[in-house]
Amino acid sequence: MVRYLLRTMAFILPILGIIVMVECGLRAIPNNYSYTHERLLNHGDSIRILVLGNSHAFNGVDPLGFGVPAYNAANMSQDHRRDLAILEHYLAELPALSTIVLPLSYYSIGAVIEEGPEPWRVKNYAIYMDMPEQASSLEHRFEVLNARKSVSLRMLMDHLLYGSDNIRCRVNGGAPGRPKPGLDFVAHGKETAARHTFGPSGHYRINHAYLDRIIQLAAARGIQVHFFFPPCHKAYLDVMDPVQLALARKTGRELARTFQNVSYHDLSEDQRFIEIDFGNSDHLQASGTAKLTRILAEDLAGMSKD
Amino acid sequence: MLFNSVEFALFLPLVFGLFWLAERIHHRHGNALLLAASLFFYGWWDWRYLSVVFFSGALDYVAALRISASSGPARRKAWLALSLVGNLGSLGFFKYYDFFITAFADGFTLLGIPFEARTLGIVLPVGISFYTFQSLSYTIDVYRGQLRAERDPVAFGAYLMFFPQLVAGPIERGTALLPQFQRTRRFDYSQAVDGTRQILWGFFKKVVIADQCAPLVDQAFSDPWARGGSDLAFAAILFAFQIYGDFSGYSDIAVGTARLFGISLMRNFAFPYFSRDIAEFWRRWHISLSTWFRDYLYIPLGGSRGNLNQRVRNTLVIFLVSGFWHGANWTFVVWGALHALFFLPLLLRGTHREHVTTTALRGWLPSPADSLRMAGTFLLVDFAWIFFRAPDLTTALEFIILIPTRMIANPGQFLLLAKDITTSGPMPFVWVMLAVEWMQRHQQHGLASLERFMSPGWRWAAYYVLVCIVLIHTGRDHTFIYFQF
């Protein structure tokens, strides 16, 4: 028995050593999350507009276009639970915050990261944004326990060899969507709508509760919350489940009607967005981002006049 | 708790250490520890499932004791009947209720009688088919006088719920496994080392083969119309390796883990894709289930004795029941029927026991004739797997029709398929697995006899390479396919 234990330990220890080194190495690579953490923590004093939400906001809103200090803390697949967590975590660091901009869409009303295609992103909030309560399993606490190990190892090698980081956002957060030449929008729209359609398995109620909490937190500080339904390509919009689509729109309208500090703008069928504004059926590219940011800035300006 | 989870990586060493400490005091303490660990292991999914296992176990524990204590055949039969009704009733309720009620409704609707099916949408307790069969075999063996009823509820509970094989087998017999819970177990270094190797090989097959095949297979079966003929054919081939890697990988991990506790479980897979006919395939695939059906269904029905009609009937029954055991879906029934269809000619010609030894017993490579037989058997098995994997019969039939029609319409797809089979996706690892298992085909598992032709240094290097490959490929916890059964 002792021999077996000693030999097993001798075999496993080097592996554990390598695993620990890889974990430390991966954590040392700066990324969007650690960058956002650092920006909100150390440069949050002047921020007046905070953008939250998923990739529709991450790709679709350029904080520089607002003309006032703003930061885009949205991220890929970010759900409303994490929007709330970010707000709760950093609100004290944002004394000048006057407006929160947040997409409320067909996808966002039912989504949770854990059940989406990128559950590994949960660990980023726990590890890099100092929110350990966001982790609900061991996999959410360690880099090495997550999927995409080959990607992580390549990233680590690039970091060690060339000093490259994994920050893919602008100075003020967010990043423009990249167009894919030759993309079949019809097929993409169909596939995306299917992926974004939740049916009874969605998490509408809990997401609604998170939105309510965001609104309450904002109201307590006199902060305006501006929801928008992101622009959608026809190929995506036309194949959405009408019930879920109606529910998303109704939620936005009702929140705006119920709370004084809430406004809502449905841009899903806005004719100002044309074919070249879209990187794919549900994401904008540079021209679309500029257009959406301008529209949102006009919305906010209009509200401040009111 | 999944074998391929961090939780299990922490659970196993802890239970291993505690077990051998407890075993030093008395084997009953070891049993108690194993039972507690098994309850924790199973309850990790959903503690409410424990009530179903408890029901099945308590029923058979009492029934077996009563059968032992009863002198009259009528009372013995009554207790056996109660066990059968209770176990199969529980299995039927959880697994088949919705299926039958829907089938009844469809039948009535076809006859023009409106019938509203009220399905219950019951969540199937993990591994119910496995532990129900294990529990049933115990009572039947006691009834047949092949086994004494176990009085110690802890020993019986540890036998029934032994965590390595609780949720997906091997389906053990009381005659083989129960005595191992009635005596002190001794730690055997060579068994533990070989068990660890078997676990490693099991993880390789699960994580590197099965889990890497899964996304490509899922894509193809989710929308066959959107794929080319070569994609569909490749997906069908990949599924054969996915299900083999998944289930035999699980079995290797289960058997290897049991060996760490000084317990021998029966072999469940014997390199089935090296079979030269369907009969040999069934002697090598899911051995614990096929022998269960042989002993408790086929032989009581008359087996291969009797006239031609009886033999054909018995064969059809066993394959159809075997198909239905896998799930409440017509696809599994068709899968079983296909295997019966492939098997019957061998039975009728009396050649079903032609290949009972290992392929190429004394050589390195199979003869050309054996190679052709293996390839032919694989194609038949793979064809049937399409029904097994498809969500419904329509998809399976579409899949089968689309492969040839699309490939003939675009002959370039044949080249594409050849390229895919050679190098695409996880195929390089599949070839490695097949090569390793071919070299080890006389052994119990893929890494069984490495010490015979590798020095310790090379062996450790090989283990490190395997561990690294497995670690790099681990991702989200992919559940095991057979857990759903």
# chains A, B, ... in the order shown; residues from 1 in each chain; ligands from 1
>>> residues_around(residues="Leu177 of chain B", least_positions_apart="2", cutoff="12 Å", atoms="only C-alpha atoms", output="number ranges by chain")
B: 134-135, 137-138, 147, 150, 155-162, 165, 170-175, 179-183, 258, 262-266
>>> write_last_selection(atoms="N, CA, C and O atoms", output="compact mmCIF listing (two decimals), in the first residue's frame")
# COMPACT_ATOMS: atom_id res chain seq x y z
N GLN B 134 -29.40 -5.58 -11.66
CA GLN B 134 -28.47 -6.21 -10.72
C GLN B 134 -29.24 -6.72 -9.50
O GLN B 134 -29.00 -7.83 -9.02
N SER B 135 -30.18 -5.91 -9.04
CA SER B 135 -30.97 -6.28 -7.88
C SER B 135 -31.85 -7.50 -8.19
O SER B 135 -31.97 -8.42 -7.40
N SER B 137 -31.35 -9.83 -10.46
CA SER B 137 -30.57 -11.05 -10.64
C SER B 137 -30.25 -11.68 -9.28
O SER B 137 -30.20 -12.90 -9.15
N TYR B 138 -30.07 -10.83 -8.28
CA TYR B 138 -29.79 -11.34 -6.93
C TYR B 138 -30.97 -12.17 -6.42
O TYR B 138 -30.81 -13.31 -5.97
N LEU B 147 -27.54 -18.88 -4.69
CA LEU B 147 -26.94 -17.88 -3.82
C LEU B 147 -27.72 -17.86 -2.51
O LEU B 147 -28.94 -18.01 -2.52
N GLU B 150 -28.44 -12.63 1.63
CA GLU B 150 -27.53 -11.88 2.51
C GLU B 150 -28.33 -11.28 3.67
O GLU B 150 -29.31 -10.60 3.45
N ALA B 155 -23.77 -5.03 3.94
CA ALA B 155 -23.06 -5.76 2.88
C ALA B 155 -23.92 -5.79 1.61
O ALA B 155 -23.42 -5.56 0.49
N PHE B 156 -25.24 -6.02 1.79
CA PHE B 156 -26.12 -6.06 0.63
C PHE B 156 -26.20 -4.68 -0.05
O PHE B 156 -26.14 -4.56 -1.27
N GLY B 157 -26.31 -3.65 0.80
CA GLY B 157 -26.36 -2.28 0.25
C GLY B 157 -25.08 -1.93 -0.49
O GLY B 157 -25.12 -1.34 -1.57
N ALA B 158 -23.94 -2.31 0.09
CA ALA B 158 -22.65 -2.01 -0.57
C ALA B 158 -22.56 -2.76 -1.90
O ALA B 158 -22.04 -2.22 -2.89
N TYR B 159 -23.06 -3.99 -1.92
CA TYR B 159 -23.07 -4.78 -3.16
C TYR B 159 -23.95 -4.12 -4.23
O TYR B 159 -23.55 -3.95 -5.38
N LEU B 160 -25.14 -3.72 -3.81
CA LEU B 160 -26.09 -3.18 -4.79
C LEU B 160 -25.67 -1.79 -5.27
O LEU B 160 -25.85 -1.44 -6.44
N MET B 161 -25.09 -1.01 -4.36
CA MET B 161 -24.83 0.40 -4.68
C MET B 161 -23.36 0.71 -4.91
O MET B 161 -23.00 1.88 -4.95
N PHE B 162 -22.53 -0.30 -5.02
CA PHE B 162 -21.08 -0.08 -5.15
C PHE B 162 -20.82 1.00 -6.22
O PHE B 162 -21.11 0.79 -7.40
N GLN B 165 -19.81 0.92 -10.22
CA GLN B 165 -20.63 0.30 -11.27
C GLN B 165 -22.11 0.56 -11.08
O GLN B 165 -22.93 -0.04 -11.76
N PRO B 170 -20.46 -2.49 -14.98
CA PRO B 170 -21.07 -3.74 -15.41
C PRO B 170 -22.17 -4.21 -14.45
O PRO B 170 -22.04 -4.04 -13.24
N ILE B 171 -23.22 -4.82 -15.05
CA ILE B 171 -24.31 -5.34 -14.25
C ILE B 171 -23.81 -6.64 -13.60
O ILE B 171 -23.66 -7.65 -14.27
N GLU B 172 -23.52 -6.54 -12.31
CA GLU B 172 -22.89 -7.66 -11.63
C GLU B 172 -23.91 -8.67 -11.13
O GLU B 172 -25.07 -8.34 -10.92
N ARG B 173 -23.45 -9.89 -10.93
CA ARG B 173 -24.30 -10.93 -10.33
C ARG B 173 -23.94 -11.06 -8.86
O ARG B 173 -22.76 -10.95 -8.50
N GLY B 174 -24.94 -11.36 -8.09
CA GLY B 174 -24.71 -11.58 -6.67
C GLY B 174 -23.70 -12.68 -6.44
O GLY B 174 -22.85 -12.60 -5.54
N THR B 175 -23.76 -13.72 -7.27
CA THR B 175 -22.86 -14.87 -7.08
C THR B 175 -21.39 -14.47 -7.20
O THR B 175 -20.54 -15.05 -6.55
N PRO B 179 -20.03 -12.20 -2.54
CA PRO B 179 -19.01 -12.80 -1.67
C PRO B 179 -17.83 -11.87 -1.39
O PRO B 179 -17.19 -11.99 -0.35
N GLN B 180 -17.58 -10.94 -2.29
CA GLN B 180 -16.45 -10.01 -2.08
C GLN B 180 -16.76 -8.98 -0.99
O GLN B 180 -15.86 -8.28 -0.53
N PHE B 181 -18.05 -8.88 -0.63
CA PHE B 181 -18.41 -7.99 0.47
C PHE B 181 -18.60 -8.77 1.78
O PHE B 181 -19.01 -8.22 2.78
N GLN B 182 -18.32 -10.06 1.71
CA GLN B 182 -18.52 -10.89 2.91
C GLN B 182 -17.19 -11.30 3.53
O GLN B 182 -17.16 -12.09 4.46
N ARG B 183 -16.11 -10.83 2.98
CA ARG B 183 -14.79 -11.19 3.52
C ARG B 183 -13.87 -9.97 3.50
O ARG B 183 -14.16 -8.98 2.84
N ALA B 258 -12.75 -0.22 -9.05
CA ALA B 258 -13.09 -1.32 -8.13
C ALA B 258 -11.83 -2.06 -7.70
O ALA B 258 -11.70 -2.46 -6.54
N GLY B 262 -9.82 -3.55 -4.03
CA GLY B 262 -9.67 -4.99 -3.88
C GLY B 262 -10.87 -5.78 -4.36
O GLY B 262 -11.09 -6.91 -3.92
N ILE B 263 -11.65 -5.17 -5.25
CA ILE B 263 -12.88 -5.83 -5.73
C ILE B 263 -12.79 -6.05 -7.23
O ILE B 263 -12.43 -5.13 -7.98
N SER B 264 -13.11 -7.27 -7.65
CA SER B 264 -13.07 -7.60 -9.09
C SER B 264 -14.46 -7.48 -9.68
O SER B 264 -15.40 -8.10 -9.18
N LEU B 265 -14.57 -6.69 -10.72
CA LEU B 265 -15.84 -6.62 -11.46
C LEU B 265 -15.67 -7.39 -12.76
O LEU B 265 -14.56 -7.57 -13.25
N MET B 266 -16.80 -7.81 -13.31
CA MET B 266 -16.70 -8.58 -14.55
C MET B 266 -16.31 -7.68 -15.72
O MET B 266 -16.50 -6.47 -15.68
>>> interface_residues(of="chain A", to="chain B", cutoff="12 Å", atoms="only C-alpha atoms", output="PyMOL selection string")
chain A and resi 1-16+18-19+22+114-120+137-154+187+191
>>> atom_distance(atom1="atom CA of Arg39 of chain A", atom2="atom CA of Arg81 of chain A")
20.7 Å
>>> select_by_dssp(residues="segment 73-229 of chain B", states="helix (DSSP H, G or I)", output="ChimeraX atom specification")
/B:73-110,128-143,153-161,163-166,174-181,189-222,224-226,229
>>> atom_distance(atom1="atom CA of Arg294 of chain A", atom2="atom CA of Asn172 of chain A")
16.2 Å
>>> residues_around(residues="segment 436-441 of chain B", least_positions_apart="2", cutoff="12 Å", atoms="only C-alpha atoms", output="PyMOL selection string")
chain B and resi 201-202+204-205+245+248+269-275+284+357-366+429-434+443-450+452-453
>>> atom_distance(atom1="atom CA of His208 of chain A", atom2="atom CA of Asp83 of chain A")
12.2 Å
>>> closest_residue(among="A:Ile276, A:Thr197, A:Gly17, A:Ser287", to="Pro181 of chain A", atoms="only C-alpha atoms")
A:Ile276
>>> residues_around(residues="Trp45 of chain B", least_positions_apart="2", cutoff="12 Å", atoms="only C-alpha atoms", output="ChimeraX atom specification")
/B:1-2,7,38-43,47-50,123-127,167,479,483
>>> write_last_selection(atoms="N, CA, C and O atoms", output="short mmCIF file (atom, residue, chain, number, x, y, z; two decimals), in the first residue's frame")
data_model
loop_
_atom_site.label_atom_id
_atom_site.label_comp_id
_atom_site.auth_asym_id
_atom_site.auth_seq_id
_atom_site.Cartn_x
_atom_site.Cartn_y
_atom_site.Cartn_z
N MET B 1 -22.42 11.99 -9.50
CA MET B 1 -21.06 12.48 -9.71
C MET B 1 -20.47 11.77 -10.94
O MET B 1 -20.57 10.57 -11.06
N LEU B 2 -19.91 12.56 -11.82
CA LEU B 2 -19.33 11.97 -13.03
C LEU B 2 -17.88 11.56 -12.76
O LEU B 2 -17.17 12.24 -12.03
N GLU B 7 -14.88 16.84 -8.99
CA GLU B 7 -15.40 16.31 -7.74
C GLU B 7 -14.95 14.86 -7.55
O GLU B 7 -14.56 14.46 -6.45
N SER B 38 -21.01 5.43 -1.63
CA SER B 38 -21.87 5.19 -2.80
C SER B 38 -23.14 6.04 -2.73
O SER B 38 -23.60 6.56 -3.75
N LEU B 39 -23.69 6.15 -1.52
CA LEU B 39 -24.87 7.00 -1.35
C LEU B 39 -24.55 8.45 -1.70
O LEU B 39 -25.31 9.13 -2.39
N PHE B 40 -23.40 8.88 -1.23
CA PHE B 40 -22.96 10.26 -1.52
C PHE B 40 -22.74 10.44 -3.03
O PHE B 40 -23.19 11.42 -3.63
N PHE B 41 -22.08 9.47 -3.64
CA PHE B 41 -21.78 9.50 -5.08
C PHE B 41 -23.07 9.60 -5.90
O PHE B 41 -23.20 10.41 -6.81
N TYR B 42 -24.05 8.77 -5.54
CA TYR B 42 -25.30 8.74 -6.30
C TYR B 42 -26.16 9.96 -5.98
O TYR B 42 -26.77 10.57 -6.86
N GLY B 43 -26.18 10.32 -4.69
CA GLY B 43 -27.00 11.46 -4.27
C GLY B 43 -26.49 12.79 -4.82
O GLY B 43 -27.20 13.79 -4.82
N TRP B 47 -30.47 13.89 -4.66
CA TRP B 47 -30.65 12.98 -3.51
C TRP B 47 -32.00 12.27 -3.57
O TRP B 47 -32.18 11.21 -2.99
N ARG B 48 -32.96 12.85 -4.30
CA ARG B 48 -34.29 12.22 -4.35
C ARG B 48 -34.25 10.87 -5.08
O ARG B 48 -35.06 9.99 -4.84
N TYR B 49 -33.26 10.73 -5.99
CA TYR B 49 -33.12 9.44 -6.71
C TYR B 49 -32.82 8.30 -5.73
O TYR B 49 -33.08 7.13 -6.03
N LEU B 50 -32.22 8.65 -4.61
CA LEU B 50 -31.84 7.60 -3.65
C LEU B 50 -33.04 6.78 -3.21
O LEU B 50 -32.91 5.59 -2.93
N VAL B 123 -38.57 12.55 -14.71
CA VAL B 123 -37.11 12.53 -14.89
C VAL B 123 -36.61 11.15 -14.51
O VAL B 123 -36.89 10.65 -13.42
N LEU B 124 -35.89 10.53 -15.43
CA LEU B 124 -35.43 9.16 -15.22
C LEU B 124 -34.28 9.14 -14.22
O LEU B 124 -33.27 9.82 -14.42
N PRO B 125 -34.42 8.38 -13.12
CA PRO B 125 -33.28 8.29 -12.19
C PRO B 125 -32.07 7.68 -12.89
O PRO B 125 -32.20 6.70 -13.63
N VAL B 126 -30.92 8.27 -12.66
CA VAL B 126 -29.70 7.83 -13.35
C VAL B 126 -29.43 6.36 -13.06
O VAL B 126 -29.48 5.92 -11.91
N GLY B 127 -29.15 5.60 -14.12
CA GLY B 127 -28.72 4.21 -13.96
C GLY B 127 -29.79 3.24 -13.49
O GLY B 127 -29.47 2.12 -13.10
N VAL B 167 -24.11 3.21 -11.73
CA VAL B 167 -24.96 3.93 -12.70
C VAL B 167 -24.87 3.42 -14.13
O VAL B 167 -25.74 3.70 -14.93
N THR B 479 -21.43 14.10 -19.92
CA THR B 479 -21.98 12.94 -19.24
C THR B 479 -21.77 11.69 -20.10
O THR B 479 -21.42 11.79 -21.27
N PHE B 483 -25.61 6.64 -19.16
CA PHE B 483 -26.28 7.08 -17.93
C PHE B 483 -27.78 7.26 -18.17
O PHE B 483 -28.58 7.13 -17.26
#
>>> residues_around(residues="Ile140 of chain B", least_positions_apart="6", cutoff="9 Å", atoms="only C-alpha atoms", output="VMD selection string")
chain B and resid 64 80 83 to 84 146 to 147 296
>>> write_last_selection(atoms="N, CA, C and O atoms", output="PDB file, in the first residue's frame")
ATOM      1  N   ALA B  64     -35.530 -11.709  -0.856  1.00  0.00           N
ATOM      2  CA  ALA B  64     -34.550 -12.805  -0.855  1.00  0.00           C
ATOM      3  C   ALA B  64     -34.538 -13.516   0.493  1.00  0.00           C
ATOM      4  O   ALA B  64     -34.479 -14.764   0.549  1.00  0.00           O
ATOM      5  N   LEU B  80     -40.815 -14.079  -5.139  1.00  0.00           N
ATOM      6  CA  LEU B  80     -40.073 -13.761  -6.370  1.00  0.00           C
ATOM      7  C   LEU B  80     -40.931 -12.880  -7.281  1.00  0.00           C
ATOM      8  O   LEU B  80     -40.451 -11.883  -7.854  1.00  0.00           O
ATOM      9  N   SER B  83     -40.938  -9.374  -6.121  1.00  0.00           N
ATOM     10  CA  SER B  83     -39.687  -8.689  -6.480  1.00  0.00           C
ATOM     11  C   SER B  83     -39.706  -8.282  -7.956  1.00  0.00           C
ATOM     12  O   SER B  83     -39.346  -7.153  -8.309  1.00  0.00           O
ATOM     13  N   LEU B  84     -40.151  -9.217  -8.810  1.00  0.00           N
ATOM     14  CA  LEU B  84     -40.180  -8.929 -10.254  1.00  0.00           C
ATOM     15  C   LEU B  84     -41.143  -7.779 -10.558  1.00  0.00           C
ATOM     16  O   LEU B  84     -40.810  -6.854 -11.293  1.00  0.00           O
ATOM     17  N   GLN B 146     -28.915 -20.642  -6.148  1.00  0.00           N
ATOM     18  CA  GLN B 146     -27.515 -20.457  -6.540  1.00  0.00           C
ATOM     19  C   GLN B 146     -26.781 -19.524  -5.586  1.00  0.00           C
ATOM     20  O   GLN B 146     -25.567 -19.370  -5.683  1.00  0.00           O
ATOM     21  N   LEU B 147     -27.540 -18.881  -4.694  1.00  0.00           N
ATOM     22  CA  LEU B 147     -26.943 -17.875  -3.816  1.00  0.00           C
ATOM     23  C   LEU B 147     -27.716 -17.862  -2.506  1.00  0.00           C
ATOM     24  O   LEU B 147     -28.945 -18.009  -2.521  1.00  0.00           O
ATOM     25  N   TYR B 296     -31.105 -14.984 -17.795  1.00  0.00           N
ATOM     26  CA  TYR B 296     -32.412 -14.772 -17.141  1.00  0.00           C
ATOM     27  C   TYR B 296     -33.576 -14.664 -18.124  1.00  0.00           C
ATOM     28  O   TYR B 296     -34.710 -14.536 -17.701  1.00  0.00           O
TER      29      TYR B 296
END
>>> residues_around(residues="Met157 of chain A", least_positions_apart="6", cutoff="10 Å", atoms="only C-alpha atoms", output="number ranges by chain")
A: 25-26, 151, 163-164
>>> residues_around(residues="Ala117 of chain B", least_positions_apart="3", cutoff="6 Å", atoms="only C-alpha atoms", output="list of chain:residue names")
B:Ile101, B:Thr102, B:Ala105
>>> closest_residue(among="B:Glu354, B:Glu451, B:Asp194, B:Asp211", to="Ile253 of chain B", atoms="only C-alpha atoms")
B:Asp194
